[in-house]
Amino acid sequence: MTASTTDVAIVGGSTAGLRAAEAVARHAPELRVTVISDEPHLPYELPPLSKVALHDRLDVNALVYPFATGLRDQGVDFRLNTRAQALDTKTNTILLPDGPLTYRALVIATGCEPVIPPLFAGRSRMHTLRRFEDATALRAAVADPAACVAIVGAGFIGGEFASTLVKAGRTVSLIDLAAKPLGRFGEPVADAYAALHREAGVGLFLGSGVVDVSEHEGRRSLVLDDGTRVPADVIVVGVGVRPSIDWLQDSGLTFDNGILADATLRAADNVFVAGDIVRWPNARFDTVMRIEHWTSAAEQGRAAGINAVKLIRGSGGEGFTNVPYFWSDQHGVRIQFAGHLTGDEEIVESRAEDGSLFLYRRGEAVTGVVAFERRAEFVKLRARLRRALSWQAVGEFVPSTVFSKECQ
């Protein structure tokens, strides 16, 4: 094993890690940058994995970010197919399979990994959807038009793939233990989301858990706790994710539903964190949060990279604040969210011919918005949410509401 050194080490080759590398290369091109990724590919665009139509070719080379290739050509060292094994923050050293790597600043951006309930672990034709290889294996599994697909977990990834499948003429079911999918956004949003899938032809089995997997005459079904049997030649599990931090257990970092960091995304001396794994104090909403969305990962990666450069140059880092945001295309409808919810907001719905807005307010303050289409108004609301937004200001450009309902 050989020892090596770098100025900025980045562990994680997805969105946050790539943006960190880009920020360092742009702001300090003289620094050596090493990106450690356990994937065999250069960083690629993740959102299309659950959205590309089944009849379209899924090509990883077409998904690779062009600027990732550019960074490699500029001298960024991408160590692909390499998994970090341990971190020693006292000596600024990462243990890799081929030897230790010593850094001056480190950005950890290892993201999350899917949670697989024991009932499904190790079963054939059971899939998750986090990486390119997952997507290609899953598309091969559903190539037979007669295959019935059961998606366990009615969140956004499951919903997106259900939309792709039903459009391709597959029989697809969404199963969720919660009676109201997307329940954290309140009952009105949950009802609208369920209606969207139901009207598109997706079978919905809500409020029931899977208790068994049954095989009969070459076909398979999932047995729910109410006795219902759901056809499941192919099973897709999307019940949640957990931060990929096992390799850091002896690092001295602080863990609490992720890695705890300060406002500058610094988790320890010379160590910054970005993406799905970081919990940090977001001053915009005066609370500590962890976000599992692409946009936040990109923004945090850039901020962490810039702060790593500042640290090496001997200056203080800048605090990172943002407004959480995500989008999802399902059954021809774009669903978007911006803001931060605690669960005690009043929800006010605004309906129009081109969709619905669900606004969240606490007193006179608007804290978030979900939009089913209504794209132009959503863009304005998202921009306004960067600062405190009053209910009176919203009324200046959102049509009168139909009803309001307490968030459950």
# chains A, B, ... in the order shown; residues from 1 in each chain; ligands from 1
call {"tool": "residues_around", "arguments": {"residues": "A:Pro43", "least_positions_apart": "6", "cutoff": "6 Å", "atoms": "only C-alpha atoms", "output": "ChimeraX atom specification"}}
result
/A:13-14,64
call {"tool": "write_last_selection", "arguments": {"atoms": "N, CA and C atoms", "output": "PDB file, in the first residue's frame"}}
result
ATOM      1  N   GLY A  13     -19.031  10.665  -5.084  1.00  0.00           N
ATOM      2  CA  GLY A  13     -18.947  11.111  -6.465  1.00  0.00           C
ATOM      3  C   GLY A  13     -20.278  11.463  -7.084  1.00  0.00           C
ATOM      4  N   SER A  14     -21.259  11.809  -6.269  1.00  0.00           N
ATOM      5  CA  SER A  14     -22.550  12.186  -6.831  1.00  0.00           C
ATOM      6  C   SER A  14     -22.651  13.711  -6.893  1.00  0.00           C
ATOM      7  N   VAL A  64     -23.662  11.434 -17.912  1.00  0.00           N
ATOM      8  CA  VAL A  64     -22.487  12.007 -17.247  1.00  0.00           C
ATOM      9  C   VAL A  64     -22.462  13.520 -17.482  1.00  0.00           C
TER      10      VAL A  64
END
call {"tool": "select_by_dssp", "arguments": {"residues": "stretch 106-275 of chain A", "states": "helix (DSSP H, G or I)", "output": "PyMOL selection string"}}
result
chain A and resi 132-141+156-167+183-185+187-200+246-248
call {"tool": "residues_around", "arguments": {"residues": "A:Ser124", "least_positions_apart": "2", "cutoff": "9 Å", "atoms": "only C-alpha atoms", "output": "count of residues only"}}
result
6
call {"tool": "closest_atom_pairs", "arguments": {"of": "stretch 310-360 of chain A", "to": "stretch 256-271 of chain A", "cutoff": "6 Å", "atoms": "only C-alpha atoms", "output": "CSV"}}
result
residue,atom,partner,partner_atom,distance
A:Gly317,CA,A:Thr264,CA,5.8
A:Glu318,CA,A:Thr264,CA,5.5
A:Gly319,CA,A:Thr264,CA,4.2
A:Phe320,CA,A:Thr264,CA,5.6
call {"tool": "select_by_dssp", "arguments": {"residues": "stretch 204-252 of chain A", "states": "strand (DSSP E)", "output": "ChimeraX atom specification"}}
result
/A:204-206,210-216,219-224,229-231,234-237,241-243
call {"tool": "residues_around", "arguments": {"residues": "A:Ile108", "least_positions_apart": "2", "cutoff": "10 Å", "atoms": "only C-alpha atoms", "output": "list in words"}}
result
Ala9, Ile10, Val11, Gly12, Gly13, Ala16, Gly17, Ala20, Ile36, Leu106, Thr110, Gly111, Ile245, Ile259, Ala267, Val271, Phe272, Val273, Ala274, Gly275, Ile277, Val278, Gly301 and Ala304 of chain A
call {"tool": "write_last_selection", "arguments": {"atoms": "C-alpha atoms", "output": "PDB file, in the first residue's frame"}}
result
ATOM      1  CA  ALA A   9     -10.214  15.334  -0.766  1.00  0.00           C
ATOM      2  CA  ILE A  10     -13.856  14.761  -1.635  1.00  0.00           C
ATOM      3  CA  VAL A  11     -15.465  11.479  -0.638  1.00  0.00           C
ATOM      4  CA  GLY A  12     -18.583  10.850  -2.710  1.00  0.00           C
ATOM      5  CA  GLY A  13     -18.947  11.111  -6.465  1.00  0.00           C
ATOM      6  CA  ALA A  16     -22.726  17.231  -3.868  1.00  0.00           C
ATOM      7  CA  GLY A  17     -19.237  15.842  -4.353  1.00  0.00           C
ATOM      8  CA  ALA A  20     -17.623  20.675  -4.405  1.00  0.00           C
ATOM      9  CA  ILE A  36     -13.157   9.274  -4.210  1.00  0.00           C
ATOM     10  CA  LEU A 106     -11.993  17.219   3.279  1.00  0.00           C
ATOM     11  CA  THR A 110     -21.398  10.108   0.530  1.00  0.00           C
ATOM     12  CA  GLY A 111     -25.174  10.561   0.387  1.00  0.00           C
ATOM     13  CA  ILE A 245     -21.840   6.939   7.309  1.00  0.00           C
ATOM     14  CA  ILE A 259     -23.486  14.184  10.495  1.00  0.00           C
ATOM     15  CA  ALA A 267     -18.184  18.995  10.986  1.00  0.00           C
ATOM     16  CA  VAL A 271     -13.771  18.553   7.511  1.00  0.00           C
ATOM     17  CA  PHE A 272     -16.891  19.795   5.704  1.00  0.00           C
ATOM     18  CA  VAL A 273     -20.064  17.865   4.893  1.00  0.00           C
ATOM     19  CA  ALA A 274     -22.577  18.282   2.044  1.00  0.00           C
ATOM     20  CA  GLY A 275     -25.677  16.623   0.639  1.00  0.00           C
ATOM     21  CA  ILE A 277     -25.849  13.246   5.111  1.00  0.00           C
ATOM     22  CA  VAL A 278     -25.465  16.679   6.727  1.00  0.00           C
ATOM     23  CA  GLY A 301     -21.556  20.894  -2.359  1.00  0.00           C
ATOM     24  CA  ALA A 304     -18.566  23.220   1.142  1.00  0.00           C
TER      25      ALA A 304
END
call {"tool": "atom_distance", "arguments": {"atom1": "atom CA of A:Glu113", "atom2": "atom CA of A:Ile151"}}
result
17.5 Å
call {"tool": "closest_residue", "arguments": {"among": "A:Tyr103, A:Phe326, A:Tyr44, A:Phe378", "to": "A:Arg130", "atoms": "only C-alpha atoms"}}
result
A:Tyr44
call {"tool": "atom_distance", "arguments": {"atom1": "atom CA of A:Phe285", "atom2": "atom CA of A:Ala388"}}
result
9.1 Å
call {"tool": "closest_atom_pairs", "arguments": {"of": "stretch 243-351 of chain A", "to": "stretch 188-204 of chain A", "cutoff": "10 Å", "atoms": "only C-alpha atoms", "output": "Markdown table"}}
result
| residue | atom | partner | partner_atom | distance |
| --- | --- | --- | --- | --- |
| A:Gln330 | CA | A:Leu196 | CA | 8.3 |
| A:His331 | CA | A:Ala200 | CA | 6.8 |
| A:Gly332 | CA | A:Leu196 | CA | 9.8 |
| A:Val333 | CA | A:Leu196 | CA | 8.6 |
| A:Ile335 | CA | A:Tyr193 | CA | 9.1 |
| A:Ile347 | CA | A:Pro188 | CA | 7.9 |
| A:Val348 | CA | A:Pro188 | CA | 9.0 |
| A:Glu349 | CA | A:Pro188 | CA | 7.9 |
call {"tool": "write_last_selection", "arguments": {"atoms": "N, CA, C and O atoms", "output": "mmCIF file, in the first residue's frame"}}
result
data_model
loop_
_atom_site.group_PDB
_atom_site.id
_atom_site.type_symbol
_atom_site.label_atom_id
_atom_site.label_comp_id
_atom_site.auth_asym_id
_atom_site.auth_seq_id
_atom_site.Cartn_x
_atom_site.Cartn_y
_atom_site.Cartn_z
ATOM 1 N N GLN A 330 -44.901 13.463 -12.530
ATOM 2 C CA GLN A 330 -45.661 12.230 -12.443
ATOM 3 C C GLN A 330 -46.964 12.369 -13.231
ATOM 4 O O GLN A 330 -47.730 13.312 -13.013
ATOM 5 N N HIS A 331 -47.182 11.412 -14.156
ATOM 6 C CA HIS A 331 -48.405 11.381 -14.964
ATOM 7 C C HIS A 331 -48.642 12.711 -15.678
ATOM 8 O O HIS A 331 -49.771 13.176 -15.790
ATOM 9 N N GLY A 332 -47.566 13.326 -16.158
ATOM 10 C CA GLY A 332 -47.699 14.571 -16.894
ATOM 11 C C GLY A 332 -47.923 15.799 -16.041
ATOM 12 O O GLY A 332 -48.173 16.885 -16.582
ATOM 13 N N VAL A 333 -47.811 15.659 -14.743
ATOM 14 C CA VAL A 333 -48.011 16.784 -13.824
ATOM 15 C C VAL A 333 -46.705 17.048 -13.086
ATOM 16 O O VAL A 333 -46.087 16.113 -12.558
ATOM 17 N N ILE A 335 -44.950 18.329 -9.882
ATOM 18 C CA ILE A 335 -45.185 18.610 -8.469
ATOM 19 C C ILE A 335 -43.925 19.269 -7.924
ATOM 20 O O ILE A 335 -42.823 18.739 -8.098
ATOM 21 N N ILE A 347 -53.047 24.889 6.142
ATOM 22 C CA ILE A 347 -52.875 24.713 4.704
ATOM 23 C C ILE A 347 -54.033 25.395 3.987
ATOM 24 O O ILE A 347 -55.201 25.167 4.310
ATOM 25 N N VAL A 348 -53.702 26.217 3.009
ATOM 26 C CA VAL A 348 -54.719 26.903 2.220
ATOM 27 C C VAL A 348 -54.525 26.514 0.768
ATOM 28 O O VAL A 348 -53.416 26.639 0.233
ATOM 29 N N GLU A 349 -55.584 26.021 0.146
ATOM 30 C CA GLU A 349 -55.498 25.571 -1.238
ATOM 31 C C GLU A 349 -56.052 26.629 -2.166
ATOM 32 O O GLU A 349 -57.109 27.212 -1.913
#
call {"tool": "residues_around", "arguments": {"residues": "stretch 351-356 of chain A", "least_positions_apart": "3", "cutoff": "6 Å", "atoms": "only C-alpha atoms", "output": "list in words"}}
result
Ala371, Phe372, Glu373 and Arg374 of chain A
call {"tool": "write_last_selection", "arguments": {"atoms": "N, CA and C atoms", "output": "short mmCIF file (atom, residue, chain, number, x, y, z; two decimals), in the first residue's frame"}}
result
data_model
loop_
_atom_site.label_atom_id
_atom_site.label_comp_id
_atom_site.auth_asym_id
_atom_site.auth_seq_id
_atom_site.Cartn_x
_atom_site.Cartn_y
_atom_site.Cartn_z
N ALA A 371 -46.96 22.84 -5.24
CA ALA A 371 -47.69 23.16 -6.46
C ALA A 371 -47.86 21.91 -7.31
N PHE A 372 -49.09 21.69 -7.77
CA PHE A 372 -49.39 20.73 -8.82
C PHE A 372 -49.58 21.59 -10.07
N GLU A 373 -48.57 21.62 -10.95
CA GLU A 373 -48.50 22.59 -12.06
C GLU A 373 -48.44 24.02 -11.48
N ARG A 374 -49.17 24.99 -12.00
CA ARG A 374 -49.12 26.38 -11.53
C ARG A 374 -47.67 26.87 -11.48
#
call {"tool": "atom_distance", "arguments": {"atom1": "atom CA of A:Pro100", "atom2": "atom CA of A:Thr6"}}
result
11.0 Å
call {"tool": "residues_around", "arguments": {"residues": "A:Met289", "least_positions_apart": "5", "cutoff": "9 Å", "atoms": "only C-alpha atoms", "output": "list in words"}}
result
Val278, Arg279, Trp280, Pro281 and Asn282 of chain A
call {"tool": "write_last_selection", "arguments": {"atoms": "N, CA, C and O atoms", "output": "short mmCIF file (atom, residue, chain, number, x, y, z; two decimals), in the first residue's frame"}}
result
data_model
loop_
_atom_site.label_atom_id
_atom_site.label_comp_id
_atom_site.auth_asym_id
_atom_site.auth_seq_id
_atom_site.Cartn_x
_atom_site.Cartn_y
_atom_site.Cartn_z
N VAL A 278 -25.79 15.60 5.79
CA VAL A 278 -25.46 16.68 6.73
C VAL A 278 -26.71 17.23 7.42
O VAL A 278 -27.74 17.46 6.79
N ARG A 279 -26.60 17.45 8.73
CA ARG A 279 -27.58 18.21 9.51
C ARG A 279 -26.87 19.47 9.98
O ARG A 279 -25.83 19.41 10.63
N TRP A 280 -27.46 20.61 9.64
CA TRP A 280 -26.81 21.88 9.95
C TRP A 280 -27.88 22.92 10.30
O TRP A 280 -29.04 22.76 9.95
N PRO A 281 -27.49 23.99 11.00
CA PRO A 281 -28.46 25.03 11.35
C PRO A 281 -28.72 25.95 10.16
O PRO A 281 -27.84 26.70 9.74
N ASN A 282 -29.92 25.87 9.62
CA ASN A 282 -30.31 26.70 8.49
C ASN A 282 -30.92 28.00 9.03
O ASN A 282 -32.05 28.00 9.54
#
call {"tool": "residues_around", "arguments": {"residues": "stretch 140-147 of chain A", "least_positions_apart": "2", "cutoff": "7 Å", "atoms": "only C-alpha atoms", "output": "list of chain:residue names"}}
result
A:Arg125, A:Thr136, A:Ala137, A:Leu138, A:Val149, A:Arg170, A:Asp233, A:Val234
call {"tool": "closest_residue", "arguments": {"among": "A:Leu58, A:Leu129, A:Leu248, A:Val370", "to": "A:Ala86", "atoms": "only C-alpha atoms"}}
result
A:Leu248
call {"tool": "closest_residue", "arguments": {"among": "A:Glu292, A:Asp344, A:Asp7, A:Asp329", "to": "A:Cys112", "atoms": "only C-alpha atoms"}}
result
A:Glu292
call {"tool": "closest_residue", "arguments": {"among": "A:Pro114, A:Val309, A:Gly238, A:Gly75", "to": "A:His27", "atoms": "only C-alpha atoms"}}
result
A:Val309
call {"tool": "closest_residue", "arguments": {"among": "A:Val223, A:Val230, A:Ala150, A:Val33", "to": "A:Arg79", "atoms": "only C-alpha atoms"}}
result
A:Val33
call {"tool": "decode", "arguments": {"residues": "stretch 171-204 of chain A", "atoms": "N, CA, C and O atoms", "output": "compact mmCIF listing (two decimals), in the first residue's frame"}}
result
# COMPACT_ATOMS: atom_id res chain seq x y z
N THR A 171 -48.92 -3.24 -15.50
CA THR A 171 -49.79 -3.29 -14.32
C THR A 171 -48.93 -2.95 -13.11
O THR A 171 -47.97 -3.66 -12.80
N VAL A 172 -49.26 -1.88 -12.43
CA VAL A 172 -48.41 -1.40 -11.34
C VAL A 172 -49.27 -1.03 -10.13
O VAL A 172 -50.36 -0.48 -10.27
N SER A 173 -48.75 -1.38 -8.95
CA SER A 173 -49.43 -1.08 -7.69
C SER A 173 -48.49 -0.31 -6.78
O SER A 173 -47.29 -0.59 -6.73
N LEU A 174 -49.04 0.66 -6.06
CA LEU A 174 -48.31 1.39 -5.03
C LEU A 174 -48.84 0.97 -3.67
O LEU A 174 -50.05 1.02 -3.43
N ILE A 175 -47.94 0.54 -2.80
CA ILE A 175 -48.32 0.07 -1.47
C ILE A 175 -47.61 0.95 -0.44
O ILE A 175 -46.41 1.22 -0.55
N ASP A 176 -48.36 1.40 0.55
CA ASP A 176 -47.73 2.21 1.59
C ASP A 176 -48.44 1.98 2.91
O ASP A 176 -49.68 1.88 2.97
N LEU A 177 -47.63 1.88 3.96
CA LEU A 177 -48.19 1.68 5.29
C LEU A 177 -49.04 2.86 5.73
O LEU A 177 -49.99 2.71 6.49
N ALA A 178 -48.70 4.04 5.22
CA ALA A 178 -49.47 5.23 5.57
C ALA A 178 -50.77 5.27 4.78
O ALA A 178 -50.80 4.99 3.58
N ALA A 179 -51.85 5.63 5.46
CA ALA A 179 -53.14 5.77 4.78
C ALA A 179 -53.15 6.99 3.86
O ALA A 179 -53.91 7.03 2.88
N LYS A 180 -52.31 7.96 4.17
CA LYS A 180 -52.21 9.17 3.36
C LYS A 180 -50.78 9.30 2.85
O LYS A 180 -49.87 9.64 3.60
N PRO A 181 -50.53 9.02 1.57
CA PRO A 181 -49.17 9.17 1.05
C PRO A 181 -48.74 10.63 1.09
O PRO A 181 -49.58 11.53 0.94
N LEU A 182 -47.47 10.87 1.31
CA LEU A 182 -46.95 12.22 1.48
C LEU A 182 -47.64 12.94 2.63
O LEU A 182 -47.87 14.15 2.60
N GLY A 183 -47.94 12.18 3.68
CA GLY A 183 -48.70 12.73 4.79
C GLY A 183 -48.03 13.91 5.46
O GLY A 183 -48.73 14.76 6.04
N ARG A 184 -46.71 14.03 5.38
CA ARG A 184 -46.05 15.15 6.04
C ARG A 184 -46.39 16.48 5.38
O ARG A 184 -46.17 17.55 5.96
N PHE A 185 -46.97 16.44 4.17
CA PHE A 185 -47.39 17.67 3.51
C PHE A 185 -48.85 18.00 3.78
O PHE A 185 -49.37 18.98 3.25
N GLY A 186 -49.51 17.18 4.61
CA GLY A 186 -50.89 17.46 4.97
C GLY A 186 -51.90 16.69 4.14
O GLY A 186 -51.61 16.23 3.03
N GLU A 187 -53.07 16.56 4.69
CA GLU A 187 -54.12 15.75 4.07
C GLU A 187 -54.54 16.24 2.69
O GLU A 187 -54.74 15.41 1.78
N PRO A 188 -54.70 17.55 2.45
CA PRO A 188 -55.10 17.99 1.10
C PRO A 188 -54.10 17.57 0.03
O PRO A 188 -54.49 17.15 -1.07
N VAL A 189 -52.81 17.68 0.31
CA VAL A 189 -51.79 17.28 -0.67
C VAL A 189 -51.80 15.77 -0.85
O VAL A 189 -51.71 15.26 -1.98
N ALA A 190 -51.92 15.04 0.25
CA ALA A 190 -51.97 13.58 0.17
C ALA A 190 -53.14 13.12 -0.69
O ALA A 190 -53.00 12.20 -1.52
N ASP A 191 -54.29 13.74 -0.52
CA ASP A 191 -55.47 13.36 -1.31
C ASP A 191 -55.27 13.67 -2.79
O ASP A 191 -55.64 12.87 -3.66
N ALA A 192 -54.68 14.82 -3.08
CA ALA A 192 -54.44 15.19 -4.48
C ALA A 192 -53.44 14.24 -5.12
O ALA A 192 -53.59 13.85 -6.29
N TYR A 193 -52.42 13.85 -4.37
CA TYR A 193 -51.39 12.94 -4.87
C TYR A 193 -51.98 11.56 -5.14
O TYR A 193 -51.72 10.94 -6.19
N ALA A 194 -52.79 11.06 -4.21
CA ALA A 194 -53.43 9.75 -4.41
C ALA A 194 -54.37 9.79 -5.61
O ALA A 194 -54.41 8.84 -6.41
N ALA A 195 -55.13 10.87 -5.75
CA ALA A 195 -56.05 10.99 -6.87
C ALA A 195 -55.32 11.00 -8.21
O ALA A 195 -55.77 10.41 -9.19
N LEU A 196 -54.17 11.64 -8.24
CA LEU A 196 -53.36 11.70 -9.47
C LEU A 196 -52.99 10.29 -9.93
O LEU A 196 -53.12 9.95 -11.12
N HIS A 197 -52.55 9.45 -8.99
CA HIS A 197 -52.17 8.08 -9.35
C HIS A 197 -53.39 7.22 -9.67
O HIS A 197 -53.37 6.43 -10.61
N ARG A 198 -54.41 7.37 -8.89
CA ARG A 198 -55.61 6.55 -9.11
C ARG A 198 -56.21 6.83 -10.49
O ARG A 198 -56.58 5.90 -11.22
N GLU A 199 -56.29 8.09 -10.85
CA GLU A 199 -56.88 8.45 -12.14
C GLU A 199 -56.01 8.00 -13.32
O GLU A 199 -56.51 7.81 -14.44
N ALA A 200 -54.72 7.81 -13.08
CA ALA A 200 -53.81 7.35 -14.14
C ALA A 200 -53.82 5.83 -14.29
O ALA A 200 -53.21 5.30 -15.22
N GLY A 201 -54.49 5.13 -13.37
CA GLY A 201 -54.59 3.68 -13.48
C GLY A 201 -53.66 2.90 -12.58
O GLY A 201 -53.53 1.68 -12.73
N VAL A 202 -53.00 3.57 -11.64
CA VAL A 202 -52.14 2.87 -10.68
C VAL A 202 -53.01 2.29 -9.57
O VAL A 202 -53.88 2.97 -9.03
N GLY A 203 -52.77 1.03 -9.22
CA GLY A 203 -53.49 0.43 -8.10
C GLY A 203 -52.91 0.96 -6.78
O GLY A 203 -51.70 0.92 -6.58
N LEU A 204 -53.74 1.45 -5.90
CA LEU A 204 -53.30 2.01 -4.62
C LEU A 204 -53.73 1.11 -3.48
O LEU A 204 -54.92 0.76 -3.36
